[in-house]
>>> print(open('query.txt').read())   # compact mmCIF, C-alpha atoms
# COMPACT_ATOMS: atom_id res chain seq x y z
CA MET A 28 129.94 120.96 103.29
CA THR A 29 127.10 122.48 105.33
CA GLU A 30 125.58 125.89 105.62
CA LYS A 31 123.94 126.97 108.89
CA ASN A 32 123.73 123.28 109.85
CA GLU A 33 120.53 123.00 107.78
CA MET A 34 121.79 122.18 104.32
CA ILE A 35 124.31 119.80 102.74
CA PHE A 36 125.45 120.11 99.16
CA GLY A 37 127.73 118.15 96.87
CA LEU A 38 127.32 114.54 95.74
CA ARG A 39 129.82 112.90 98.06
CA ALA A 40 128.69 114.93 101.09
CA VAL A 41 125.04 113.97 100.58
CA ILE A 42 125.88 110.30 99.99
CA GLU A 43 127.91 110.23 103.20
CA ALA A 44 125.08 111.95 105.12
CA ILE A 45 122.62 109.26 103.97
CA GLN A 46 125.02 106.45 104.81
CA ALA A 47 125.65 107.99 108.24
CA GLY A 48 121.91 107.91 108.96
CA LYS A 49 121.41 111.65 109.18
CA GLU A 50 117.76 112.72 109.28
CA ILE A 51 117.24 114.26 105.86
CA ASP A 52 114.08 116.21 105.16
CA LYS A 53 114.34 116.30 101.36
CA ILE A 54 116.86 116.19 98.54
CA LEU A 55 116.83 118.40 95.46
CA ILE A 56 118.63 116.94 92.44
CA ARG A 57 119.39 118.55 89.08
CA LYS A 58 117.03 117.18 86.43
CA ASP A 59 119.64 116.09 83.94
CA ILE A 60 122.30 114.86 86.37
CA GLN A 61 124.41 112.02 84.96
CA SER A 62 127.60 110.73 86.50
CA GLU A 63 128.94 107.64 88.23
CA LEU A 64 128.68 109.43 91.57
CA SER A 65 125.05 110.37 90.92
CA LYS A 66 124.28 106.67 90.35
CA GLU A 67 125.80 106.00 93.76
CA LEU A 68 123.58 108.71 95.23
CA PHE A 69 120.40 107.20 93.76
CA ALA A 70 121.44 103.79 95.08
CA ALA A 71 121.86 105.26 98.57
CA ILE A 72 118.47 106.99 98.41
CA LYS A 73 116.66 103.86 97.18
CA ASN A 74 116.24 102.25 100.60
CA THR A 75 115.11 105.42 102.38
CA THR A 76 111.83 107.35 102.63
CA VAL A 77 113.53 110.66 101.89
CA PRO A 78 111.54 112.75 99.37
CA VAL A 79 113.49 113.55 96.21
CA GLN A 80 112.67 116.35 93.78
CA LYS A 81 114.28 116.73 90.36
CA VAL A 82 114.63 120.45 89.68
CA PRO A 83 116.24 122.83 87.16
CA ILE A 84 119.80 123.81 87.96
CA GLU A 85 118.63 127.44 88.32
CA ARG A 86 116.75 126.51 91.46
CA LEU A 87 119.84 124.96 93.01
CA ASN A 88 121.87 128.02 92.08
CA ARG A 89 119.36 130.22 93.90
CA ILE A 90 119.75 128.13 97.04
CA THR A 91 123.55 128.25 97.11
CA ARG A 92 126.25 129.78 94.97
CA LYS A 93 128.79 127.22 96.09
CA ASN A 94 129.71 124.09 94.14
CA HIS A 95 126.62 121.95 94.79
CA GLN A 96 127.39 119.49 91.93
CA GLY A 97 123.67 119.26 91.17
CA VAL A 98 122.44 118.12 94.58
CA VAL A 99 121.28 119.86 97.76
CA ALA A 100 119.93 118.10 100.85
CA PHE A 101 118.08 119.69 103.75
CA ILE A 102 118.62 118.29 107.23
CA SER A 103 115.51 117.80 109.36
CA PRO A 104 115.56 119.48 112.79
CA VAL A 105 113.71 116.47 114.26
CA THR A 106 114.07 112.71 114.07
CA TYR A 107 111.18 111.14 112.20
CA GLN A 108 109.70 107.96 113.63
CA ARG A 109 107.94 104.93 112.15
CA THR A 110 104.34 104.15 113.01
CA GLU A 111 105.09 100.44 113.23
CA ASP A 112 107.67 101.13 115.94
CA LEU A 113 105.52 103.56 117.92
CA VAL A 114 102.27 101.56 118.08
CA PRO A 115 103.57 98.55 120.07
CA PHE A 116 105.52 100.90 122.34
CA LEU A 117 102.33 102.81 123.23
CA PHE A 118 100.33 99.63 123.76
CA GLU A 119 103.04 98.25 126.05
CA GLN A 120 102.65 101.42 128.14
CA GLY A 121 98.95 100.68 128.54
CA LYS A 122 97.88 103.68 126.45
CA THR A 123 94.89 104.06 124.16
CA PRO A 124 96.72 105.82 121.32
CA LEU A 125 95.38 108.85 119.49
CA PHE A 126 97.05 109.70 116.18
CA ILE A 127 96.44 112.45 113.64
CA MET A 128 97.22 111.71 110.00
CA LEU A 129 97.63 114.52 107.46
CA ASP A 130 96.78 113.45 103.92
CA GLY A 131 98.05 116.00 101.41
CA VAL A 132 98.35 118.98 103.78
CA THR A 133 101.08 121.21 102.35
CA ASP A 134 100.73 124.53 104.20
CA VAL A 135 103.45 124.79 106.80
CA ARG A 136 101.50 127.19 109.02
CA ASN A 137 98.55 124.83 109.18
CA PHE A 138 100.91 122.00 109.99
CA GLY A 139 102.52 123.96 112.79
CA ALA A 140 99.14 124.95 114.23
CA ILE A 141 97.88 121.36 114.11
CA THR A 142 100.97 120.02 115.87
CA ARG A 143 100.62 122.68 118.57
CA THR A 144 97.05 121.57 119.20
CA CYS A 145 98.14 117.91 119.18
CA GLU A 146 100.78 118.54 121.80
CA CYS A 147 98.39 120.52 124.03
CA ALA A 148 95.73 117.79 123.76
CA GLY A 149 98.08 114.90 124.46
CA VAL A 150 97.94 113.36 120.99
CA ASP A 151 100.49 110.55 120.75
CA ALA A 152 101.81 111.21 117.23
CA ILE A 153 101.17 112.95 113.95
CA ILE A 154 101.60 110.99 110.70
CA ILE A 155 102.59 112.58 107.38
CA PRO A 156 103.50 111.11 103.98
CA SER A 157 107.00 111.44 102.57
CA LYS A 158 105.70 113.00 99.33
CA ASN A 159 103.23 115.80 98.54
CA SER A 160 103.22 116.94 102.14
CA VAL A 161 104.55 119.47 104.57
CA SER A 162 107.73 118.62 106.40
CA VAL A 163 109.34 119.69 109.63
CA ASN A 164 111.33 122.86 108.99
CA ALA A 165 112.15 125.99 110.95
CA ASP A 166 108.87 127.70 110.00
CA ALA A 167 106.83 124.69 111.10
CA ILE A 168 108.64 124.54 114.44
CA LYS A 169 108.09 128.25 115.01
CA THR A 170 104.36 128.01 114.21
CA SER A 171 104.05 124.96 116.46
CA ALA A 172 105.45 126.99 119.38
CA GLY A 173 108.09 124.29 119.79
CA ALA A 174 105.59 121.39 119.90
CA LEU A 175 107.48 119.64 117.11
CA HIS A 176 110.43 119.19 119.44
CA THR A 177 108.34 116.91 121.67
CA LEU A 178 105.50 115.50 119.55
CA PRO A 179 106.50 112.34 117.62
CA VAL A 180 106.22 112.78 113.85
CA CYS A 181 105.95 109.62 111.75
CA ARG A 182 106.88 110.03 108.09
CA GLU A 183 105.56 107.18 105.97
CA HIS A 184 106.20 106.25 102.34
CA ASN A 185 102.69 104.81 101.90
CA LEU A 186 99.81 106.29 103.91
CA THR A 187 97.33 103.68 102.69
CA GLY A 188 99.62 100.92 103.91
CA THR A 189 99.91 102.72 107.25
CA VAL A 190 96.11 102.95 107.56
CA LYS A 191 95.86 99.20 106.90
CA TYR A 192 98.50 98.52 109.54
CA LEU A 193 96.64 100.66 112.09
CA LYS A 194 93.38 98.84 111.39
CA GLU A 195 95.11 95.49 111.82
CA SER A 196 96.48 96.80 115.14
CA GLY A 197 92.98 97.56 116.45
CA PHE A 198 92.68 101.24 115.60
CA ARG A 199 89.47 102.92 114.51
CA ILE A 200 90.05 105.20 111.53
CA VAL A 201 87.92 108.35 111.32
CA ALA A 202 88.07 110.71 108.33
CA ALA A 203 86.98 114.33 108.45
CA THR A 204 85.24 114.98 105.14
CA GLU A 205 82.39 117.03 103.70
CA LYS A 206 81.10 113.65 102.45
CA GLY A 207 80.67 112.62 106.09
CA ASP A 208 77.77 110.39 107.04
CA TYR A 209 76.97 112.26 110.24
CA ASP A 210 78.03 114.94 112.72
CA TYR A 211 81.54 114.55 114.16
CA THR A 212 80.14 114.35 117.72
CA GLU A 213 78.38 111.06 116.89
CA ALA A 214 81.60 109.15 116.14
CA ASN A 215 83.41 106.93 118.63
CA TYR A 216 86.77 108.37 119.67
CA LYS A 217 87.31 106.25 122.79
CA ASP A 218 89.21 103.33 121.25
CA PRO A 219 92.71 103.43 119.73
CA LEU A 220 92.11 106.03 117.06
CA CYS A 221 93.58 107.74 114.03
CA ILE A 222 91.84 110.86 112.71
CA ILE A 223 92.65 111.64 109.07
CA MET A 224 92.59 115.25 107.91
CA GLY A 225 92.89 116.09 104.21
CA ALA A 226 93.98 119.14 102.28
CA GLU A 227 91.42 121.95 102.19
CA ASP A 228 91.02 121.78 98.40
CA THR A 229 91.09 118.03 97.75
CA GLY A 230 90.23 116.43 101.10
CA VAL A 231 91.20 112.92 102.17
CA SER A 232 92.23 110.73 99.23
CA TYR A 233 89.75 108.13 98.02
CA ASP A 234 92.09 105.21 98.78
CA ASN A 235 92.28 106.24 102.43
CA LEU A 236 88.58 107.13 102.68
CA ALA A 237 87.71 103.64 101.49
CA LEU A 238 89.54 102.14 104.49
CA CYS A 239 87.99 104.38 107.16
CA ASP A 240 85.54 103.10 109.76
CA GLU A 241 83.70 106.41 109.93
CA TRP A 242 83.33 109.53 107.79
CA VAL A 243 82.37 112.56 109.86
CA LYS A 244 81.62 116.17 109.07
CA ILE A 245 81.64 119.41 111.00
CA PRO A 246 78.37 121.35 110.51
CA LEU A 247 78.73 124.71 108.76
CA PHE A 248 76.10 127.43 109.12
CA GLY A 249 77.67 130.33 107.22
CA ASN A 250 78.32 131.00 103.57
CA ILE A 251 81.91 129.72 103.43
CA GLU A 252 82.04 126.07 102.40
CA SER A 253 84.91 124.79 104.54
CA LEU A 254 86.91 125.39 107.70
CA ASN A 255 90.66 125.94 107.85
CA VAL A 256 92.19 122.47 108.27
CA SER A 257 93.99 123.37 111.49
CA VAL A 258 90.72 124.62 113.03
CA ALA A 259 88.87 121.51 111.88
CA ALA A 260 91.60 119.29 113.32
CA GLY A 261 91.36 121.09 116.67
CA ILE A 262 87.60 120.53 116.81
CA LEU A 263 87.92 116.78 116.26
CA ILE A 264 90.92 116.39 118.54
CA TYR A 265 89.10 117.99 121.46
CA GLU A 266 85.98 115.94 120.80
CA ALA A 267 88.22 112.91 121.28
CA VAL A 268 89.63 114.45 124.47
CA LYS A 269 86.09 115.10 125.79
CA GLN A 270 84.87 111.56 125.11
CA ARG A 271 87.96 109.97 126.62
CA ARG A 272 87.74 112.09 129.78
CA LYS A 273 84.11 111.06 130.26
CA GLU A 274 85.09 107.43 129.75
CA ASN A 275 87.75 107.69 132.45
>>> encode(input="query.txt", output="structure tokens")
Amino acid sequence: MTEKNEMIFGLRAVIEAIQAGKEIDKILIRKDIQSELSKELFAAIKNTTVPVQKVPIERLNRITRKNHQGVVAFISPVTYQRTEDLVPFLFEQGKTPLFIMLDGVTDVRNFGAITRTCECAGVDAIIIPSKNSVSVNADAIKTSAGALHTLPVCREHNLTGTVKYLKESGFRIVAATEKGDYDYTEANYKDPLCIIMGAEDTGVSYDNLALCDEWVKIPLFGNIESLNVSVAAGILIYEAVKQRRKEN
């Protein structure tokens, strides 16, 4: 069964949705679920990148009063893409790709604002992890002013593996971090590029920082120690736009 075309509940319904290839944003499963059908559900989930959260049954009951059988799935309003599919496609078109990767960003309004800037600036895709991250929901689409309907979103199980793939494909990887070696304007944004933005409290993860070609920082002259991540992303994105326009 579905409600408002955004949610599926019930073990068999969710299994069938996965097997049919529906774009599922996340699945909530009762913590102590145990049945033959639940084993079938976990087997179906195993080969996907769909985030799964084990939650108390009270949370599921708050979402729907109908017979959810311990599982609720949310349908994504967009089709997620894979970075490894998009990169060769862009190169074949003769493009110099520009990607934005969000490492641990969880605020949906920031996500929407970043995607709106990406779309306006001609960014080729935004990359997010399947866990501990924002996802594309109605609030994100609204904040993005509809940009999420046109901007490719790649959802990856392993961001570090994705960074390695991009480097092997000829991308420069630039991280925005307060640990930056120099001002963001001194970095090279002209080549195939992925800019990594981290969460405002934790920043870019160490594993991803270690793979970056450049660490850059945005100078701050006031008393507050950091910029909003969507503002910081906009600054770096338009520095890339400026350098690329001069190059052309």
>>> residues_around(input="query.txt", residues="range 40-57 of chain A", least_positions_apart="5", cutoff="12 Å", atoms="only C-alpha atoms", output="ChimeraX atom specification")
/A:28-29,32-35,62,64-88,90,94-108,156-165,182
>>> closest_residue(input="query.txt", among="A:Ile153, A:Leu193, A:Ile141, A:Leu117", to="Thr170 in chain A", atoms="all atoms listed in the file")
A:Ile141
>>> atom_distance(input="query.txt", atom1="CA of Cys145 in chain A", atom2="CA of Ile251 in chain A")
25.5 Å
>>> closest_residue(input="query.txt", among="A:Thr204, A:Thr123, A:Ser171, A:Thr229", to="Lys217 in chain A", atoms="only C-alpha atoms")
A:Thr123
>>> closest_residue(input="query.txt", among="A:Ala260, A:Asp151, A:Asn250, A:Thr189", to="Phe118 in chain A", atoms="all atoms listed in the file")
A:Asp151
>>> closest_residue(input="query.txt", among="A:Ala237, A:Leu247, A:Cys221, A:Val231", to="Ala267 in chain A", atoms="all atoms listed in the file")
A:Cys221
>>> atom_distance(input="query.txt", atom1="CA of Glu266 in chain A", atom2="CA of Asp208 in chain A")
17.0 Å
>>> closest_residue(input="query.txt", among="A:Thr110, A:Thr142, A:Ser232, A:Ser253", to="Ala172 in chain A", atoms="all atoms listed in the file")
A:Thr142
>>> residues_around(input="query.txt", residues="Lys169 in chain A", least_positions_apart="3", cutoff="10 Å", atoms="all atoms listed in the file", output="PyMOL selection string")
chain A and resi 136+139-140+143+164-166+172-175
>>> closest_residue(input="query.txt", among="A:His176, A:Phe36, A:Ala167, A:Lys273", to="Thr133 in chain A", atoms="all atoms listed in the file")
A:Ala167
>>> atom_distance(input="query.txt", atom1="CA of Ala226 in chain A", atom2="CA of Val201 in chain A")
15.3 Å
>>> decode(input="query.txt", residues="range 36-89 of chain A", atoms="C-alpha atoms", output="PDB file, in the first residue's frame")
ATOM      1  CA  PHE A  36       4.521   0.101   4.188  1.00  0.00           C
ATOM      2  CA  GLY A  37       4.221  -3.610   4.811  1.00  0.00           C
ATOM      3  CA  LEU A  38       6.885  -6.269   4.289  1.00  0.00           C
ATOM      4  CA  ARG A  39       5.668  -7.696   0.996  1.00  0.00           C
ATOM      5  CA  ALA A  40       4.946  -4.255  -0.492  1.00  0.00           C
ATOM      6  CA  VAL A  41       8.443  -2.980   0.318  1.00  0.00           C
ATOM      7  CA  ILE A  42      10.108  -6.150  -0.982  1.00  0.00           C
ATOM      8  CA  GLU A  43       8.181  -5.852  -4.243  1.00  0.00           C
ATOM      9  CA  ALA A  44       9.113  -2.154  -4.537  1.00  0.00           C
ATOM     10  CA  ILE A  45      12.818  -3.007  -4.196  1.00  0.00           C
ATOM     11  CA  GLN A  46      12.566  -5.854  -6.690  1.00  0.00           C
ATOM     12  CA  ALA A  47      10.729  -3.572  -9.134  1.00  0.00           C
ATOM     13  CA  GLY A  48      13.610  -1.085  -8.987  1.00  0.00           C
ATOM     14  CA  LYS A  49      11.669   1.751  -7.404  1.00  0.00           C
ATOM     15  CA  GLU A  50      13.856   4.640  -6.230  1.00  0.00           C
ATOM     16  CA  ILE A  51      13.714   4.314  -2.455  1.00  0.00           C
ATOM     17  CA  ASP A  52      15.069   7.114  -0.304  1.00  0.00           C
ATOM     18  CA  LYS A  53      15.269   5.196   2.982  1.00  0.00           C
ATOM     19  CA  ILE A  54      13.706   2.295   4.846  1.00  0.00           C
ATOM     20  CA  LEU A  55      12.732   2.273   8.512  1.00  0.00           C
ATOM     21  CA  ILE A  56      12.584  -1.178  10.103  1.00  0.00           C
ATOM     22  CA  ARG A  57      11.409  -2.180  13.575  1.00  0.00           C
ATOM     23  CA  LYS A  58      14.402  -2.957  15.783  1.00  0.00           C
ATOM     24  CA  ASP A  59      13.332  -6.398  16.894  1.00  0.00           C
ATOM     25  CA  ILE A  60      11.729  -7.596  13.666  1.00  0.00           C
ATOM     26  CA  GLN A  61      11.987 -11.367  13.179  1.00  0.00           C
ATOM     27  CA  SER A  62      10.110 -13.341  10.569  1.00  0.00           C
ATOM     28  CA  GLU A  63      10.753 -15.315   7.405  1.00  0.00           C
ATOM     29  CA  LEU A  64       9.464 -12.396   5.353  1.00  0.00           C
ATOM     30  CA  SER A  65      11.797  -9.959   7.119  1.00  0.00           C
ATOM     31  CA  LYS A  66      14.741 -12.200   6.138  1.00  0.00           C
ATOM     32  CA  GLU A  67      13.557 -11.899   2.550  1.00  0.00           C
ATOM     33  CA  LEU A  68      13.447  -8.117   2.953  1.00  0.00           C
ATOM     34  CA  PHE A  69      17.033  -7.941   4.247  1.00  0.00           C
ATOM     35  CA  ALA A  70      18.161 -10.148   1.363  1.00  0.00           C
ATOM     36  CA  ALA A  71      16.505  -7.763  -1.108  1.00  0.00           C
ATOM     37  CA  ILE A  72      18.117  -4.723   0.530  1.00  0.00           C
ATOM     38  CA  LYS A  73      21.593  -6.292   0.599  1.00  0.00           C
ATOM     39  CA  ASN A  74      22.504  -5.451  -2.996  1.00  0.00           C
ATOM     40  CA  THR A  75      21.226  -1.877  -2.894  1.00  0.00           C
ATOM     41  CA  THR A  76      22.569   1.432  -1.551  1.00  0.00           C
ATOM     42  CA  VAL A  77      19.296   2.241   0.198  1.00  0.00           C
ATOM     43  CA  PRO A  78      19.870   3.567   3.751  1.00  0.00           C
ATOM     44  CA  VAL A  79      18.230   1.429   6.426  1.00  0.00           C
ATOM     45  CA  GLN A  80      17.442   2.578   9.963  1.00  0.00           C
ATOM     46  CA  LYS A  81      16.356   0.241  12.758  1.00  0.00           C
ATOM     47  CA  VAL A  82      13.878   2.143  14.920  1.00  0.00           C
ATOM     48  CA  PRO A  83      11.465   1.543  17.820  1.00  0.00           C
ATOM     49  CA  ILE A  84       7.988   0.474  16.791  1.00  0.00           C
ATOM     50  CA  GLU A  85       6.631   3.698  18.342  1.00  0.00           C
ATOM     51  CA  ARG A  86       8.298   5.704  15.601  1.00  0.00           C
ATOM     52  CA  LEU A  87       6.654   3.617  12.899  1.00  0.00           C
ATOM     53  CA  ASN A  88       3.300   3.978  14.630  1.00  0.00           C
ATOM     54  CA  ARG A  89       3.691   7.762  14.565  1.00  0.00           C
TER      55      ARG A  89
END
